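Asks: Dumping the structure here so I can ask a few things about it.
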Amino acid sequence: MMRFALTLLFTFTFALLSSSPVFSDLILAKVDRRIDLTSQIVRITTSLKVENAGSNPASEILLSFPENQAKHLAYLTVTLNEGKGKGKASSGAGLPVEVVVPKDVPNSLTFYYVSLPKGLGKGESLLLDVLAVFTHSLEPFPEKISQADIQLLLFQDTAHYLSPYKVTVQSLTVKLPEARVESYTKLEGTKLSGSELKYGPFHNIPPFSYLPIIIHFENNQPFAVAEELVREIEISHWGNVQVTEHYNLFHGGAKSKGEFSRLDYQARPYVRGASAFRRLVARLPPRAHSVYYRDEIGNISTSSLWGDSKKTELEIEPRYPLFGGWKTAFTIGYGLPLRDFLFELDGKRFLNFSFGSPINELVIDTLIVKVVLPEGSKVISASAPFPVKQRKESKFSHLDLVGRPVVVLEKNNVVPEHNEYFQVYYKFNSLSMLREPLMLIFGFFSLFVACIVYMHADLSISKSSASYLAKVQWEEVQATVQQIHNIISNCLTAHDKLEASLRDLSRTGDVQACKATRKSVDSLLKGVSKDLKPLVAFLQSSPQAAHILPKVEELIAKERDLQERLMAKHTTVVDCYEKKLGGREIENRIAPNQQKITALRQEVDDLMDFIDEI
Amino acid sequence: MAASSKPGSPPSSSSSMAQDLFNNFSFSKTLKLKTKQQELLIRVTVLTLIYILAFITRLFSVLRYESMIHEFDPYFNYRTTLYLTKNGFAEFWNWFDSESWYPLGRIIGGTLYPGLMLTAAALYSVLRFLRFAVHIREVCVLTAPFFASNTTLVAYFFGKEIWDSGAGIVAAALIAICPGYISRSVAGSYDNEGVAIFALLLTFYLFVKAVNTGSLAWALASAFGYFYMVSAWGGYVFIINLVPLYVLVLLVTGRYSLRLYVAYNCMYVVGMLLAMQIRFVGFQHVQSGEHMAAMGVFFLLQVFFFLDWVRHLLSDTKLFQAFLRITVTGAVSVGAIALGVGTASGYISPWTGRFYSLLDPTYAKDHIPIIASVSEHQPTAWSSFMFDFHILLFLFPAGLYFCFKRLSDATIFIVMYGLTSMYFAGVMVRLILVATPAVCLISAIAVSATVKNLTRLVRSQSQAVQSGSSKGASTAKSSSKGVIDNSQPFQRNGAIALLLGAFYLLTRYAIHCTWVTSEAYSSPSIVLAARGANGNRVIFDDYREAYFWLRQNTPPDAKVMSWWDYGYQITAMGNRTVIVDNNTWNNTHIATVGRAMSSYEDEAYEIMRSLDVDYVLVVFGGVTGYSSDDINKFLWMVRIGGGVFPVIKEPDYLANGEYRVDKGATPKMLNCLMYKLSYYRFGELTTEYGKPPGFDRARGVEIGNKDIKLEYLEEAFTTQNWIVRIYKVKPPKNRW
């Protein structure tokens, strides 16, 4: 009931006002008001036909709103309608609008100056389209409802167009959602047809005339209100724009009271839970990719995504259905191709991105847009089509040394009409892109260098301690043994060569080739004993090698024995071939040797294995 | 050849001759490294691969679900880590948490093992320092896999220390994928055990290394390893008992050495002093019965050393015998008196229930229901041994055989570690984890020794055969082929068959491990997944739905009562105060909650009023068939509640000794708070086609009380699949 009292008070105030001087000689010849109440956002479209009845040319027009509306006003635009009739010929750009506080006017009215493009001469007229968008101006009544109740809303406004000018003819149409209307103020000529409520037409309304009307109607549209939305737009010059949006959402309609019964909700969700909303639709730009939807405690699996070349649509379901007053918070993120949003102009780059939220019919109390530019960006400036608070921050992300510059734009009371493009200009040297990969490369390079240095440098503190010396000696012994091992294994390979040549001989009978091989092997083996001598001498002198020396010596002896026998065998076989002896004869001649050779070879291999393991 | 000669060493002069001879090999020759280097390269490569494998095999859950924290306790660890990174160490250390155990609160810094949180926070700050802007959650999720990877390295070095590098590599490979370990270290399982197994094995390795070398440095390192272990997990008690036991065994078997003396004394003294810095452990090392063995062995070692020294001085054997007798009697009696006086005066606390329940598996069931109620504290079934160890179960005895064949200080240690931990693994399911490294190491010895023997056989035989065949070829026309070295004709084939068999077994092991990891151990348990009717995956995210609802839509100071299982999750995800949580330090408080749950609604209301409860949360699986819900846990609530409040009697809830929820249930059961909250309005719901309404799918019965009216509570929220139900406690009537 307080509300009604307030309204009366307003009426009283305006009655007082009407005695104040007329602002100018302008007359509103025809006013058409359309109020759209189908969603939680109230949109009032007013088309004004302005005539100059005075003698002085007028260059501006005053629009006025009562204070209780003005504080909810989110968006106001005035366009010049140059076309005749109802054609959609409004000129694109809106006219400049600014708040003014004229004298002799109480605080309960807020005035906006609209500057006309050219002065309006005497007797001239023009058509203006005014779009005013209000948030939070639908009051739920009753304020608390239970799960099964429907949500009823109160809307109040004036039937007469509130203006400092005289209005000749005025009509008012209120568009309601397709549902029940509980009650409405009935005036002369009021008509309710379908979901449209018509008032008027009213004739010759004096300035500051206020005729309150109240409409009480059902509206179960989602009342999704974001208390705070932080949009972070991060530019990567490697080709991606990453958008992350943190929502803090609540249901702004009638508060829920009493039990929430899942059973009822499950059985008849649109009856027992009509006022709740369970899903939201976000229209993302086309070619959005890597979309995710999560909150503080993890991924939310109830979302779906589809898209075509015009748009990408993301349907998200919060973890639970939102009843009046319930809150939720979540984050959506997606990547976009850089070339769709980043352009170059006069050596400067600029990002062209839409300001508001992609979610349909969402009211945002505080919107913070952060544009994260690449590290090393300079000469940064931002421009938006409406006034926003600006500040600068810096953000540290992967591999940042000085931080990325962040342009922060903040605006209160944002509605979908604010989804206009804003621009952030900056300068950025493309070479800076290479910095981070180079840093990584350098990091890994130095890691490897450090490893190499560590492996090769001798880091022991005491170079004279016994254990250190022993270690050094042991390493030398190991190296020597390794060399011996290599030499012997060369010898063994040479032996294999010999055997192979014998096989070739038995197949082809080419004695000369066999002899040639023998010759080369001979020359190779000749050097072996010379090579081995210093190594063995070193081992003999080293105390560390005492326990492996016998094995090494045994190996060398065995190998020599093997070598001699093999040579003998080779000679025999070659001789036999030269004498053209039969296979059986050759076999018999080398048989005694052959067994020894096999046995020796076995022993040598074993010894080699043993030494290899040292 | 050039590459094969080490710089600085005399160049081999045969290189020029070798060049023309081994023309065809020259390319591979120049690239060819020394055998040692080759081996090193292979070893490092294999270890690197094992390191990576150990990490990625634990990522199933991240790939299948998301990067999230699993289970219950990890949520507490995550919450504290978050607090640590936000508020710094001093704040964390002095943190009084008023959000749990309302109205008592909990001194977090003094009642937790901070090792895990500090580790994760340190990793986090290192990554931050290296300019990687990671979230702390990612660090926490990946801490366990990272430490599992590190454990493989420790296992390698440990295996190398007790056997050889081959066994080390096999041990690293086995432990990398062993399900017994994976069960506690998948990504997201952010629990103490994740780092503790690493710390445990590291401590053991360093200690064995210290015993082997007698080096003070290694002993000191093992003391620090022990410190890390103490800071990370209560299982450090195992170390502080196993190590003295091992020392004692060495003493008894006459393997006492100065190396052992140095290693143990340094490790014990420094380790003890360091461990006292952990507030949760405090003076337990000198005051608790569980730590007395270590102290006893410490003094015994001193006596031993003293006697050794005296014997060195006294040449007279007889005199020494007398001295020995006096000293030993004196020392033992002094020790016994000290222990007796300490225990009697209460200075030395007696063994805790948990410790008793390890020694006597039936103890907990009779005396501490709260320990027995946890499923992971149950005695282990054979199937879970098989499930977690697979072929290692058979390789373990084989490895023991090899260890006994080559007894050394190190192998004695691993044998003792293996045997004791196997015993504990049999007592409690969760202790399979402790046994896993020992089982892997011992099995690795078996595998490595066997394969090594077999390959040696195969290699030598193949060489013999090769030379034989070459000889045969050289005399192709001859009919009498050289038949040499055929003493054991099937040796080589047998060896090859055995090798193939071993290969097959190991392959099966790898397949089994991967399967177990992917199917059994990679579900986060907070998100449930099921197969839908047409084969698609259905996700039940009810827990998070409920917790998030609590977080968003209840007053910030609301107190939530639930069974203690969900306490950590409610505080971490719901950000609300709970009455009891998984840190079951106050049995009476838990029993109060148990009593409230098992009382009639009006009695429960009194209890809830006295605890300032605003919301009650129950978990209910009747709609989805989720079996680990509160109704199935209810008997434990009755038992724990009844253990403190005798008004709660278990038989009241059992119909003829049978636990049931249908019409045959006792009236007390059908009207207790838990029953009412679980089944409120459930009687109107049809859960399954062809079944009457109110059919409980988790228990497969129609419920007994379908007309439930709540007087003092009202339904505040129920999740989509009814798994979590939250009720609001109404304010008292006279205050309307």
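Naming scheme: A, B, ... for chains in displayed order of the structure tokens; residues 1 onward per chain; ligands 1 onward as shown.
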Can you list, as an MDAnalysis selection string, every protein, DNA or RNA residue that comes within 10 Å of Met674 (chain B) when you count only C-alpha atoms, leaving out same-chain residues fewer than 2 positions away?
Replies: chainID B and resid 594 596:601 604 616:620 630:631 634 637 669:672 676:680
Asks: Mind checking DSSP for region 303-498 of chain B and telling me the helix (DSSP H, G or I) residues as a VMD selection string?
Replies: chain B and resid 303 to 313 317 to 344 353 to 359 363 to 367 369 to 372 375 to 377 382 to 389 392 to 405 409 to 427 429 to 474 491 to 498
Asks: Show me, as a ChimeraX atom specification, the residues of chain A whose atoms get within 6 Å of chain B, using only C-alpha atoms for the distance check.
Replies: /A:259-260,262,319,326-328,397-399,503,506,524,584
Asks: Hey, can you spit out that residue selection with C-alpha atoms as a short mmCIF file (atom, residue, chain, number, x, y, z; two decimals), in the first residue's frame?
Replies:
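Result file follows (again.cif):
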```
data_model
loop_
_atom_site.label_atom_id
_atom_site.label_comp_id
_atom_site.auth_asym_id
_atom_site.auth_seq_id
_atom_site.Cartn_x
_atom_site.Cartn_y
_atom_site.Cartn_z
CA GLU A 259 9.71 -26.08 0.69
CA PHE A 260 11.33 -26.94 -2.56
CA ARG A 262 11.97 -32.13 -6.16
CA ARG A 319 23.43 -26.92 -11.62
CA TRP A 326 18.28 -18.20 -5.60
CA LYS A 327 21.78 -17.50 -6.69
CA THR A 328 24.31 -19.24 -8.79
CA SER A 397 49.81 -14.97 -17.41
CA HIS A 398 52.07 -17.69 -18.75
CA LEU A 399 55.67 -16.57 -19.27
CA ARG A 503 82.68 -69.82 -46.55
CA SER A 506 83.82 -73.07 -50.39
CA LEU A 524 95.22 -55.52 -39.00
CA ARG A 584 86.12 -84.63 -46.92
#
```
Asks: Might you pull out every residue within 12 Å of Val372 (chain A), with only C-alpha atoms counted and same-chain residues fewer than 3 positions away left off, and present them as a VMD selection string?
Replies: chain A and resid 231 to 237 241 to 244 351 369 375 to 377 380 392 to 397 403 to 409 424 to 426
Asks: Produce a file of the selected residues containing N, CA and C atoms, as a short mmCIF file (atom, residue, chain, number, x, y, z; two decimals), in the first residue's frame.
Replies:
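Wrote out.cif, looks like this:
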```
data_model
loop_
_atom_site.label_atom_id
_atom_site.label_comp_id
_atom_site.auth_asym_id
_atom_site.auth_seq_id
_atom_site.Cartn_x
_atom_site.Cartn_y
_atom_site.Cartn_z
N ARG A 231 33.89 -9.84 -17.76
CA ARG A 231 34.27 -10.45 -19.05
C ARG A 231 35.74 -10.16 -19.28
N GLU A 232 36.47 -11.20 -19.52
CA GLU A 232 37.89 -11.00 -19.78
C GLU A 232 38.17 -11.40 -21.22
N ILE A 233 38.70 -10.47 -21.96
CA ILE A 233 38.96 -10.73 -23.38
C ILE A 233 40.47 -10.68 -23.55
N GLU A 234 41.05 -11.81 -23.82
CA GLU A 234 42.50 -11.86 -23.89
C GLU A 234 42.92 -12.08 -25.34
N ILE A 235 43.79 -11.19 -25.79
CA ILE A 235 44.22 -11.26 -27.18
C ILE A 235 45.54 -11.98 -27.27
N SER A 236 45.60 -12.96 -28.13
CA SER A 236 46.88 -13.58 -28.41
C SER A 236 47.16 -13.37 -29.88
N HIS A 237 48.31 -12.84 -30.18
CA HIS A 237 48.60 -12.58 -31.59
C HIS A 237 48.93 -13.83 -32.36
N VAL A 241 41.42 -15.09 -29.74
CA VAL A 241 40.88 -14.20 -28.72
C VAL A 241 40.18 -15.09 -27.72
N GLN A 242 40.64 -15.07 -26.50
CA GLN A 242 40.04 -15.93 -25.49
C GLN A 242 39.10 -15.09 -24.63
N VAL A 243 37.85 -15.49 -24.58
CA VAL A 243 36.88 -14.75 -23.79
C VAL A 243 36.48 -15.59 -22.59
N THR A 244 36.56 -15.02 -21.41
CA THR A 244 36.15 -15.71 -20.20
C THR A 244 35.15 -14.83 -19.49
N LEU A 351 40.96 -3.63 -31.43
CA LEU A 351 40.05 -4.73 -31.20
C LEU A 351 38.65 -4.19 -31.27
N VAL A 369 34.39 -5.15 -18.12
CA VAL A 369 35.02 -5.75 -19.29
C VAL A 369 36.51 -5.49 -19.20
N GLU A 375 51.62 -8.75 -23.96
CA GLU A 375 52.70 -8.09 -23.25
C GLU A 375 53.51 -7.26 -24.25
N GLY A 376 53.79 -6.03 -23.89
CA GLY A 376 54.56 -5.17 -24.78
C GLY A 376 53.71 -4.25 -25.62
N SER A 377 52.40 -4.22 -25.36
CA SER A 377 51.55 -3.29 -26.10
C SER A 377 51.75 -1.89 -25.54
N ILE A 380 47.90 2.74 -25.47
CA ILE A 380 46.62 2.05 -25.38
C ILE A 380 45.50 3.05 -25.14
N LYS A 392 43.26 1.14 -15.78
CA LYS A 392 44.26 0.21 -16.33
C LYS A 392 44.74 -0.71 -15.23
N GLU A 393 45.03 -1.93 -15.63
CA GLU A 393 45.58 -2.91 -14.69
C GLU A 393 46.68 -3.65 -15.41
N SER A 394 47.27 -4.61 -14.71
CA SER A 394 48.14 -5.51 -15.46
C SER A 394 47.90 -6.91 -14.95
N LYS A 395 48.15 -7.86 -15.82
CA LYS A 395 47.84 -9.24 -15.48
C LYS A 395 49.03 -10.12 -15.83
N PHE A 396 49.30 -11.05 -14.96
CA PHE A 396 50.40 -11.98 -15.23
C PHE A 396 49.84 -13.30 -15.71
N SER A 397 50.24 -13.68 -16.89
CA SER A 397 49.81 -14.97 -17.41
C SER A 397 51.08 -15.76 -17.71
N GLY A 403 54.09 -8.29 -17.12
CA GLY A 403 52.65 -8.29 -17.03
C GLY A 403 52.02 -7.73 -18.28
N ARG A 404 50.81 -8.21 -18.55
CA ARG A 404 50.11 -7.73 -19.74
C ARG A 404 49.25 -6.54 -19.36
N PRO A 405 49.25 -5.53 -20.19
CA PRO A 405 48.38 -4.38 -19.90
C PRO A 405 46.91 -4.76 -20.05
N VAL A 406 46.10 -4.32 -19.10
CA VAL A 406 44.68 -4.64 -19.14
C VAL A 406 43.90 -3.35 -19.13
N VAL A 407 42.99 -3.23 -20.07
CA VAL A 407 42.08 -2.09 -20.09
C VAL A 407 40.79 -2.54 -19.44
N VAL A 408 40.37 -1.84 -18.40
CA VAL A 408 39.16 -2.23 -17.70
C VAL A 408 38.08 -1.20 -17.97
N LEU A 409 36.95 -1.67 -18.45
CA LEU A 409 35.80 -0.80 -18.68
C LEU A 409 34.70 -1.27 -17.74
N VAL A 424 39.38 -1.04 -28.67
CA VAL A 424 40.59 -0.80 -27.89
C VAL A 424 41.74 -0.68 -28.87
N TYR A 425 42.39 0.49 -28.85
CA TYR A 425 43.48 0.73 -29.79
C TYR A 425 44.81 0.52 -29.08
N TYR A 426 45.76 -0.04 -29.76
CA TYR A 426 47.09 -0.18 -29.15
C TYR A 426 48.11 -0.42 -30.24
#
```
Asks: Enumerate the residues of region 149-187 of chain A with a DSSP assignment of strand (DSSP E), computed from the backbone, and present them as an MDAnalysis selection string.
Replies: chainID A and resid 152:158 166:175 181:184
Asks: Write out as a list in words which residues come within 10 Å of Tyr509 (chain B) when counting only C-alpha atoms, dropping same-chain ones fewer than 2 positions away.
Replies: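 Within the cut-off, the hits are Leu174, Ile177, Cys178, Pro179, Phe389, His390, Ile391, Leu392, Phe503, Tyr504, Leu505, Leu506, Thr507, Ile511, His512, Cys513, Thr514 and Trp515 of chain B.
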